>>> print(open('start.cif').read())   # mmCIF, C-alpha atoms
data_query
loop_
_atom_site.group_PDB
_atom_site.id
_atom_site.type_symbol
_atom_site.label_atom_id
_atom_site.label_comp_id
_atom_site.auth_asym_id
_atom_site.auth_seq_id
_atom_site.Cartn_x
_atom_site.Cartn_y
_atom_site.Cartn_z
ATOM 1 C CA MET A 1 -15.633 291.952 51.542
ATOM 2 C CA LYS A 2 -14.993 289.481 48.779
ATOM 3 C CA LEU A 3 -13.825 286.827 51.229
ATOM 4 C CA ARG A 4 -16.957 287.181 53.351
ATOM 5 C CA LYS A 5 -19.164 286.793 50.272
ATOM 6 C CA ILE A 6 -17.454 283.533 49.352
ATOM 7 C CA GLU A 7 -17.808 282.234 52.932
ATOM 8 C CA SER A 8 -21.544 282.883 53.062
ATOM 9 C CA ALA A 9 -22.054 281.316 49.640
ATOM 10 C CA GLN A 10 -20.307 278.129 50.723
ATOM 11 C CA LYS A 11 -22.502 277.654 53.816
ATOM 12 C CA LEU A 12 -25.304 275.125 53.294
ATOM 13 C CA ASN A 13 -28.840 276.232 53.997
ATOM 14 C CA LEU A 14 -30.200 273.507 56.279
ATOM 15 C CA THR A 15 -33.585 275.074 56.963
ATOM 16 C CA SER A 16 -35.436 273.401 54.092
ATOM 17 C CA LEU A 17 -33.827 270.066 54.899
ATOM 18 C CA LEU A 18 -34.844 270.461 58.535
ATOM 19 C CA ASP A 19 -38.417 271.229 57.487
ATOM 20 C CA MET A 20 -38.525 268.066 55.435
ATOM 21 C CA MET A 21 -37.023 265.979 58.233
ATOM 22 C CA THR A 22 -39.518 267.371 60.736
ATOM 23 C CA ASN A 23 -42.392 266.366 58.450
ATOM 24 C CA ILE A 24 -40.999 262.863 57.949
ATOM 25 C CA LEU A 25 -40.441 262.492 61.676
ATOM 26 C CA ILE A 26 -43.993 263.543 62.553
ATOM 27 C CA PHE A 27 -45.418 261.196 59.905
ATOM 28 C CA LEU A 28 -43.391 258.261 61.200
ATOM 29 C CA ILE A 29 -44.367 258.927 64.811
ATOM 30 C CA VAL A 30 -48.041 258.998 63.803
ATOM 31 C CA VAL A 31 -47.986 255.761 61.777
ATOM 32 C CA GLN A 32 -45.739 253.906 64.166
ATOM 33 C CA SER A 33 -47.429 251.120 66.091
ATOM 34 C CA PRO A 34 -44.997 248.979 68.098
ATOM 35 C CA GLU A 35 -47.631 246.311 68.872
ATOM 36 C CA GLU A 36 -48.279 245.701 65.198
ATOM 37 C CA ALA A 37 -44.592 245.724 64.382
ATOM 38 C CA ASP A 38 -44.212 242.725 66.703
ATOM 39 C CA ILE A 39 -46.372 240.556 64.456
ATOM 40 C CA LYS A 40 -44.292 238.673 61.964
ATOM 41 C CA ILE A 41 -45.967 236.452 59.405
ATOM 42 C CA THR A 42 -43.572 233.756 58.185
ATOM 43 C CA SER A 43 -45.680 232.463 55.273
ATOM 44 C CA LYS A 44 -45.533 235.069 52.558
ATOM 45 C CA SER A 45 -48.429 233.482 50.655
ATOM 46 C CA ILE A 46 -50.932 234.195 53.437
ATOM 47 C CA LYS A 47 -53.505 236.833 52.607
ATOM 48 C CA LEU A 48 -55.324 237.721 55.795
ATOM 49 C CA PRO A 49 -59.103 238.122 55.984
ATOM 50 C CA GLU A 50 -60.503 241.592 56.619
ATOM 51 C CA ALA A 51 -62.137 242.669 59.870
ATOM 52 C CA GLU A 52 -63.116 245.855 61.675
ATOM 53 C CA THR A 53 -62.412 244.852 65.257
ATOM 54 C CA HIS A 54 -59.673 246.905 66.823
ATOM 55 C CA MET A 55 -56.315 245.502 67.747
ATOM 56 C CA ALA A 56 -56.019 243.971 71.160
ATOM 57 C CA LYS A 57 -52.876 243.161 73.064
ATOM 58 C CA LEU A 58 -51.986 239.862 71.452
ATOM 59 C CA PRO A 59 -50.432 236.837 73.137
ATOM 60 C CA PRO A 60 -46.943 235.829 71.973
ATOM 61 C CA ASN A 61 -47.787 232.372 70.571
ATOM 62 C CA ARG A 62 -49.084 232.051 67.052
ATOM 63 C CA ILE A 63 -50.197 229.394 64.592
ATOM 64 C CA GLU A 64 -49.989 229.978 60.860
ATOM 65 C CA ILE A 65 -52.229 227.842 58.683
ATOM 66 C CA ASP A 66 -51.678 227.779 54.970
ATOM 67 C CA ASN A 67 -53.152 225.486 52.336
ATOM 68 C CA ASN A 68 -50.385 222.940 52.751
ATOM 69 C CA LYS A 69 -48.519 223.680 55.946
ATOM 70 C CA VAL A 70 -48.926 224.627 59.582
ATOM 71 C CA LEU A 71 -46.370 226.679 61.468
ATOM 72 C CA LEU A 72 -46.165 227.056 65.213
ATOM 73 C CA ASN A 73 -44.294 230.203 66.254
ATOM 74 C CA GLY A 74 -42.673 230.391 62.815
ATOM 75 C CA GLU A 75 -41.495 226.777 62.718
ATOM 76 C CA ALA A 76 -43.157 224.170 60.507
ATOM 77 C CA VAL A 77 -44.820 221.346 62.419
ATOM 78 C CA ALA A 78 -42.956 218.246 61.224
ATOM 79 C CA GLY A 79 -44.912 215.496 59.547
ATOM 80 C CA LEU A 80 -48.143 217.402 59.498
ATOM 81 C CA GLU A 81 -50.419 216.485 56.627
ATOM 82 C CA ILE A 82 -53.126 219.063 56.419
ATOM 83 C CA ASN A 83 -55.883 216.539 55.633
ATOM 84 C CA SER A 84 -55.008 213.883 58.163
ATOM 85 C CA ALA A 85 -56.856 214.251 61.462
ATOM 86 C CA GLN A 86 -54.332 212.048 63.269
ATOM 87 C CA THR A 87 -51.370 214.269 62.485
ATOM 88 C CA TRP A 88 -53.126 217.348 63.878
ATOM 89 C CA LYS A 89 -52.531 215.757 67.265
ATOM 90 C CA THR A 90 -48.830 216.465 66.712
ATOM 91 C CA LEU A 91 -49.716 220.129 66.738
ATOM 92 C CA GLY A 92 -51.789 219.657 69.900
ATOM 93 C CA ASP A 93 -48.878 217.908 71.617
ATOM 94 C CA LYS A 94 -46.543 220.744 70.687
ATOM 95 C CA LEU A 95 -49.065 223.282 71.963
ATOM 96 C CA ILE A 96 -49.210 221.530 75.338
ATOM 97 C CA THR A 97 -45.453 221.982 75.756
ATOM 98 C CA LEU A 98 -45.661 225.760 75.315
ATOM 99 C CA PRO A 99 -44.999 227.695 78.505
ATOM 100 C CA ALA A 100 -47.996 228.972 80.450
ATOM 101 C CA PRO A 101 -48.470 232.758 80.752
ATOM 102 C CA ALA A 102 -47.897 234.703 83.941
ATOM 103 C CA HIS A 103 -50.255 233.908 86.816
ATOM 104 C CA GLY A 104 -53.814 235.074 86.308
ATOM 105 C CA LYS A 105 -53.488 235.734 82.599
ATOM 106 C CA PRO A 106 -55.635 233.680 80.211
ATOM 107 C CA ARG A 107 -53.782 231.322 77.893
ATOM 108 C CA GLY A 108 -54.246 232.738 74.417
ATOM 109 C CA ILE A 109 -52.943 232.145 70.922
ATOM 110 C CA VAL A 110 -53.056 234.035 67.628
ATOM 111 C CA VAL A 111 -54.312 232.208 64.538
ATOM 112 C CA ILE A 112 -52.924 233.543 61.267
ATOM 113 C CA SER A 113 -54.488 232.052 58.197
ATOM 114 C CA ASP A 114 -55.238 232.689 54.559
ATOM 115 C CA GLN A 115 -58.687 234.121 53.843
ATOM 116 C CA LYS A 116 -59.476 231.409 51.278
ATOM 117 C CA ILE A 117 -58.828 228.264 53.280
ATOM 118 C CA PRO A 118 -61.850 226.192 54.323
ATOM 119 C CA TYR A 119 -63.045 226.640 57.898
ATOM 120 C CA GLN A 120 -62.456 222.933 58.512
ATOM 121 C CA LEU A 121 -58.728 223.589 58.983
ATOM 122 C CA ILE A 122 -59.435 226.335 61.513
ATOM 123 C CA ASP A 123 -61.780 224.023 63.369
ATOM 124 C CA ARG A 124 -59.147 221.285 63.518
ATOM 125 C CA ALA A 125 -56.592 223.735 64.842
ATOM 126 C CA ALA A 126 -59.098 225.182 67.336
ATOM 127 C CA SER A 127 -59.918 221.753 68.741
ATOM 128 C CA GLN A 128 -56.190 221.095 69.314
ATOM 129 C CA ILE A 129 -55.782 224.563 70.858
ATOM 130 C CA ALA A 130 -58.666 223.804 73.241
ATOM 131 C CA ARG A 131 -57.166 220.367 74.041
ATOM 132 C CA ALA A 132 -53.885 222.053 74.950
ATOM 133 C CA GLY A 133 -55.684 224.165 77.541
ATOM 134 C CA PHE A 134 -55.800 227.495 75.747
ATOM 135 C CA SER A 135 -58.839 229.592 76.566
ATOM 136 C CA GLU A 136 -58.624 232.408 74.022
ATOM 137 C CA VAL A 137 -58.104 232.518 70.264
ATOM 138 C CA TYR A 138 -57.326 235.689 68.319
ATOM 139 C CA PHE A 139 -57.902 235.577 64.562
ATOM 140 C CA LEU A 140 -55.462 237.979 62.977
ATOM 141 C CA SER A 141 -56.954 240.062 60.182
ATOM 142 C CA ASP A 142 -56.170 243.050 58.063
ATOM 143 C CA ARG A 143 -57.979 246.105 59.322
ATOM 144 C CA LYS A 144 -60.837 246.969 57.019
ATOM 145 C CA PRO A 145 -60.614 250.605 55.920
ATOM 146 C CA GLU A 146 -63.290 252.796 57.486
ATOM 147 C CA GLU A 147 -66.225 253.583 55.197
ATOM 148 C CA GLY A 148 -65.524 257.302 55.096
ATOM 149 C CA LYS A 149 -61.878 256.768 54.164
ATOM 150 C CA GLN A 150 -62.478 254.440 51.228
ATOM 151 C CA MET B 1 -19.852 300.702 53.853
ATOM 152 C CA LYS B 2 -18.459 300.073 57.322
ATOM 153 C CA LYS B 3 -21.939 300.248 58.819
ATOM 154 C CA LEU B 4 -23.263 297.743 56.312
ATOM 155 C CA ALA B 5 -20.449 295.302 57.050
ATOM 156 C CA ARG B 6 -21.168 295.488 60.823
ATOM 157 C CA HIS B 7 -24.846 294.918 60.194
ATOM 158 C CA LYS B 8 -24.077 291.764 58.184
ATOM 159 C CA THR B 9 -21.830 290.407 60.939
ATOM 160 C CA GLN B 10 -24.606 290.851 63.514
ATOM 161 C CA ASN B 11 -27.010 288.892 61.302
ATOM 162 C CA THR B 12 -24.730 285.890 61.030
ATOM 163 C CA GLU B 13 -24.161 285.871 64.792
ATOM 164 C CA THR B 14 -27.861 285.399 65.591
ATOM 165 C CA GLU B 15 -28.238 282.413 63.211
ATOM 166 C CA LEU B 16 -29.145 279.132 64.958
ATOM 167 C CA ASN B 17 -26.782 276.210 64.660
ATOM 168 C CA LEU B 18 -29.041 273.501 63.264
ATOM 169 C CA ASN B 19 -26.378 270.855 62.855
ATOM 170 C CA PRO B 20 -26.952 269.005 66.189
ATOM 171 C CA MET B 21 -30.699 268.975 65.571
ATOM 172 C CA MET B 22 -30.122 267.612 62.075
ATOM 173 C CA ASP B 23 -27.884 264.909 63.519
ATOM 174 C CA ILE B 24 -30.667 263.824 65.903
ATOM 175 C CA PHE B 25 -33.260 263.815 63.127
ATOM 176 C CA VAL B 26 -31.037 261.845 60.775
ATOM 177 C CA GLY B 27 -30.621 259.282 63.544
ATOM 178 C CA LEU B 28 -34.315 259.158 64.480
ATOM 179 C CA VAL B 29 -35.730 258.799 60.979
ATOM 180 C CA PRO B 30 -34.010 255.453 60.156
ATOM 181 C CA ILE B 31 -34.915 254.071 63.609
ATOM 182 C CA LEU B 32 -38.586 254.949 63.135
ATOM 183 C CA LEU B 33 -38.556 253.675 59.555
ATOM 184 C CA VAL B 34 -37.243 250.296 60.680
ATOM 185 C CA THR B 35 -39.608 249.907 63.635
ATOM 186 C CA ALA B 36 -42.712 251.331 61.959
ATOM 187 C CA SER B 37 -45.451 249.051 60.766
ATOM 188 C CA PHE B 38 -47.334 250.212 57.721
ATOM 189 C CA SER B 39 -49.813 247.336 57.665
ATOM 190 C CA HIS B 40 -52.697 247.689 60.094
ATOM 191 C CA TYR B 41 -53.965 244.543 61.730
ATOM 192 C CA ALA B 42 -57.156 243.697 63.530
ATOM 193 C CA ALA B 43 -57.748 240.714 65.779
ATOM 194 C CA VAL B 44 -61.074 239.007 66.396
ATOM 195 C CA GLN B 45 -61.020 237.515 69.874
ATOM 196 C CA THR B 46 -63.029 234.424 70.804
ATOM 197 C CA SER B 47 -63.093 232.048 73.748
ATOM 198 C CA LEU B 48 -62.763 228.294 73.672
ATOM 199 C CA PRO B 49 -65.157 225.813 75.302
ATOM 200 C CA GLY B 50 -62.610 224.733 77.908
ATOM 201 C CA LYS B 51 -63.129 228.002 79.717
ATOM 202 C CA GLU B 52 -65.687 227.814 82.511
ATOM 203 C CA VAL B 53 -68.917 229.560 81.750
ATOM 204 C CA SER B 54 -71.168 230.161 84.714
ATOM 205 C CA GLN B 55 -74.534 228.477 84.330
ATOM 206 C CA SER B 56 -76.175 229.076 87.676
ATOM 207 C CA SER B 57 -79.930 228.863 87.921
ATOM 208 C CA GLU B 58 -80.002 232.155 89.835
ATOM 209 C CA LYS B 59 -79.677 234.117 86.615
ATOM 210 C CA PRO B 60 -82.799 235.904 85.463
ATOM 211 C CA PRO B 61 -84.828 233.969 82.904
ATOM 212 C CA ALA B 62 -84.580 236.889 80.484
ATOM 213 C CA GLU B 63 -80.999 235.924 79.654
ATOM 214 C CA VAL B 64 -80.673 234.627 76.140
ATOM 215 C CA ARG B 65 -77.766 232.809 74.555
ATOM 216 C CA LEU B 66 -77.418 232.985 70.826
ATOM 217 C CA THR B 67 -75.873 230.502 68.451
ATOM 218 C CA PHE B 68 -74.493 231.547 65.083
ATOM 219 C CA GLU B 69 -74.006 228.794 62.545
ATOM 220 C CA VAL B 70 -72.333 229.787 59.285
ATOM 221 C CA GLN B 71 -73.303 227.494 56.401
ATOM 222 C CA ASP B 72 -71.381 228.637 53.306
ATOM 223 C CA GLN B 73 -73.966 231.136 52.034
ATOM 224 C CA PHE B 74 -76.117 231.555 55.132
ATOM 225 C CA VAL B 75 -75.923 232.358 58.800
ATOM 226 C CA VAL B 76 -78.474 230.661 61.028
ATOM 227 C CA VAL B 77 -79.182 232.527 64.249
ATOM 228 C CA SER B 78 -81.026 230.794 67.038
ATOM 229 C CA GLY B 79 -81.669 231.610 70.682
ATOM 230 C CA PHE B 80 -81.505 229.370 73.725
ATOM 231 C CA ASP B 81 -81.884 229.615 77.471
ATOM 232 C CA SER B 82 -78.864 229.949 79.748
ATOM 233 C CA GLY B 83 -78.006 226.250 79.535
ATOM 234 C CA PHE B 84 -78.384 225.980 75.734
ATOM 235 C CA ASP B 85 -81.174 223.453 76.443
ATOM 236 C CA LYS B 86 -84.464 225.088 75.542
ATOM 237 C CA PRO B 87 -84.792 227.081 72.327
ATOM 238 C CA VAL B 88 -86.353 230.513 72.615
ATOM 239 C CA PRO B 89 -89.634 230.398 70.657
ATOM 240 C CA GLY B 90 -89.579 232.458 67.477
ATOM 241 C CA LEU B 91 -85.849 233.013 67.595
ATOM 242 C CA LEU B 92 -84.594 231.092 64.610
ATOM 243 C CA GLU B 93 -83.646 233.014 61.500
ATOM 244 C CA LYS B 94 -81.518 232.610 58.414
ATOM 245 C CA PHE B 95 -79.489 235.409 56.815
ATOM 246 C CA SER B 96 -77.420 235.573 53.652
ATOM 247 C CA THR B 97 -73.665 236.008 54.143
ATOM 248 C CA LYS B 98 -73.708 238.347 51.125
ATOM 249 C CA ASP B 99 -75.860 240.840 52.999
ATOM 250 C CA LEU B 100 -74.705 241.035 56.588
ATOM 251 C CA VAL B 101 -76.534 244.314 57.215
ATOM 252 C CA LYS B 102 -79.740 242.374 57.896
ATOM 253 C CA LEU B 103 -77.926 240.200 60.407
ATOM 254 C CA LYS B 104 -76.623 243.321 62.125
ATOM 255 C CA GLN B 105 -80.133 244.787 62.269
ATOM 256 C CA GLN B 106 -81.468 241.549 63.745
ATOM 257 C CA ILE B 107 -78.783 241.479 66.459
ATOM 258 C CA GLU B 108 -79.551 245.098 67.322
ATOM 259 C CA ALA B 109 -83.277 244.287 67.493
ATOM 260 C CA LEU B 110 -82.535 241.344 69.781
ATOM 261 C CA LYS B 111 -80.380 243.560 71.984
ATOM 262 C CA ALA B 112 -83.306 245.924 72.393
ATOM 263 C CA LYS B 113 -85.735 243.073 73.087
ATOM 264 C CA TYR B 114 -83.639 241.045 75.522
ATOM 265 C CA PRO B 115 -81.764 243.101 78.105
ATOM 266 C CA LYS B 116 -79.237 240.432 79.004
ATOM 267 C CA PHE B 117 -77.190 238.161 76.783
ATOM 268 C CA GLY B 118 -75.059 235.273 77.917
ATOM 269 C CA PRO B 119 -72.057 234.029 75.947
ATOM 270 C CA SER B 120 -72.857 233.292 72.309
ATOM 271 C CA LEU B 121 -71.801 230.158 70.476
ATOM 272 C CA PHE B 122 -70.188 230.327 67.043
ATOM 273 C CA PHE B 123 -69.478 227.593 64.548
ATOM 274 C CA ALA B 124 -69.144 227.208 60.799
ATOM 275 C CA THR B 125 -69.428 224.323 58.354
ATOM 276 C CA ALA B 126 -66.306 222.651 56.938
ATOM 277 C CA SER B 127 -66.477 224.228 53.495
ATOM 278 C CA THR B 128 -67.145 227.789 54.700
ATOM 279 C CA PRO B 129 -64.344 230.081 53.515
ATOM 280 C CA TYR B 130 -62.317 231.506 56.382
ATOM 281 C CA GLN B 131 -63.068 235.073 55.197
ATOM 282 C CA THR B 132 -66.832 234.465 55.470
ATOM 283 C CA ALA B 133 -66.464 233.024 58.971
ATOM 284 C CA ILE B 134 -64.312 235.974 60.074
ATOM 285 C CA SER B 135 -66.714 238.519 58.530
ATOM 286 C CA VAL B 136 -69.622 237.041 60.498
ATOM 287 C CA LEU B 137 -67.548 236.728 63.678
ATOM 288 C CA ASP B 138 -66.353 240.308 63.320
ATOM 289 C CA LEU B 139 -69.907 241.556 62.821
ATOM 290 C CA ILE B 140 -71.119 239.687 65.925
ATOM 291 C CA LYS B 141 -68.187 241.010 67.939
ATOM 292 C CA THR B 142 -68.693 244.629 66.905
ATOM 293 C CA THR B 143 -72.498 244.554 67.254
ATOM 294 C CA MET B 144 -72.669 242.657 70.548
ATOM 295 C CA LYS B 145 -70.056 244.777 72.271
ATOM 296 C CA GLY B 146 -68.611 243.181 75.381
ATOM 297 C CA SER B 147 -70.449 239.905 74.927
ATOM 298 C CA GLU B 148 -68.345 236.751 75.031
ATOM 299 C CA ILE B 149 -68.227 234.540 71.951
ATOM 300 C CA ILE B 150 -67.357 230.886 72.384
ATOM 301 C CA LEU B 151 -65.891 229.067 69.432
ATOM 302 C CA ALA B 152 -67.385 225.603 69.142
ATOM 303 C CA ALA B 153 -64.237 223.684 68.261
ATOM 304 C CA GLY B 154 -64.038 220.141 66.960
ATOM 305 C CA VAL B 155 -67.593 219.951 65.673
ATOM 306 C CA VAL B 156 -66.779 220.221 61.972
ATOM 307 C CA GLU B 157 -65.743 217.110 60.036
#
>>> encode(input="start.cif", output="structure tokens")
Amino acid sequence: MKLRKIESAQKLNLTSLLDMMTNILIFLIVVQSPEEADIKITSKSIKLPEAETHMAKLPPNRIEIDNNKVLLNGEAVAGLEINSAQTWKTLGDKLITLPAPAHGKPRGIVVISDQKIPYQLIDRAASQIARAGFSEVYFLSDRKPEEGKQ
Amino acid sequence: MKKLARHKTQNTETELNLNPMMDIFVGLVPILLVTASFSHYAAVQTSLPGKEVSQSSEKPPAEVRLTFEVQDQFVVVSGFDSGFDKPVPGLLEKFSTKDLVKLKQQIEALKAKYPKFGPSLFFATASTPYQTAISVLDLIKTTMKGSEIILAAGVVE
């Protein structure tokens, strides 16, 4: 009798731990969004603008525009001075070399930029994107919280 | 005493072995934690002028194409015919970027008035903050559901 008592006392009660794990698991499954996890912003200083539009399936190429640098797919565009119109052509030339999407799909690119930069920089990038033959631009934003949830 | 001991043994026999389930959960939780994204993104989609936009004369004359010009503090909305040649009389209005509700109301009123909209044109002045441009673009996109928005690129200097 004594031995049995000791045995049962030594056994861990996993039920509460399992309850907790189940809750964590459900929470993680609900918040998980693989599409959004694919987006990686290289520039840590970028604070995205806010928008309500829902997430679309985004193309793989992306341009990051900060106050003093431009990155194409995570790599800084060499020799690019943000205020020189001539050097923006370097970006355009690099964009032209990017591989075309599968047949029938529109050529799109994601623009990631800080909410405070002047629109002039976006316009310069957009004109180079258009020159490179891209037909769609996606402006990445932070999703604005819904009014009821604020 | 003997009966009680037998009863206790039966109880322990029916207990579920939760260890394999725990093992799975302990494995799943770190995987989901690593792959989960806690920041929620949105993406405002626009088209670029290179894309062909049909401009056939067969389209009904009721089709209106809007232009949205963001000028720092204001948004100027104007309406044109299908070729962006002739302005639609009486369709030229200015709205404050601080109060975009009025712009939304105007777009909704235009939607009710004109049954068919062609692609809209969007552009902003050089000094317009990116956030302002995106707010206006987002509002147009959400209000004019399904309508194409063309970004006028290379016009700002």
>>> closest_residue(input="start.cif", among="B:Phe123, B:Gly79, B:Val136, B:Leu110", to="Thr97 of chain B", atoms="all atoms listed in the file")
B:Val136
>>> residues_around(input="start.cif", residues="segment 64-78 of chain B", least_positions_apart="4", cutoff="8 Å", atoms="all atoms listed in the file", output="ChimeraX atom specification")
/B:82,84,87-88,91-98,114,116-125,127-129,132-133,136
>>> resolve_selection(input="start.cif", expression="the PyMOL selection byres ((chain A) within 6 of (chain B))", output="list in words")
Gln32, Ala37, Pro49, Ala51, Thr53, His54, Met55, Gln115, Lys116, Ile117, Pro118, Tyr119, Gln120, Asp123, Ala126, Ser127, Ser135, Glu136, Val137, Tyr138, Phe139, Leu140, Ser141, Asp142 and Arg143 of chain A
>>> resolve_selection(input="start.cif", expression="the PyMOL selection byres ((chain A and resi 85-95) around 12)", output="count of residues only")
46
>>> atom_distance(input="start.cif", atom1="atom CA of Leu25 of chain A", atom2="atom CA of Ile41 of chain A")
26.7 Å
>>> atom_distance(input="start.cif", atom1="atom CA of Ala102 of chain A", atom2="atom CA of Lys145 of chain B")
27.0 Å
>>> atom_distance(input="start.cif", atom1="atom CA of Glu52 of chain A", atom2="atom CA of Asn67 of chain A")
24.5 Å
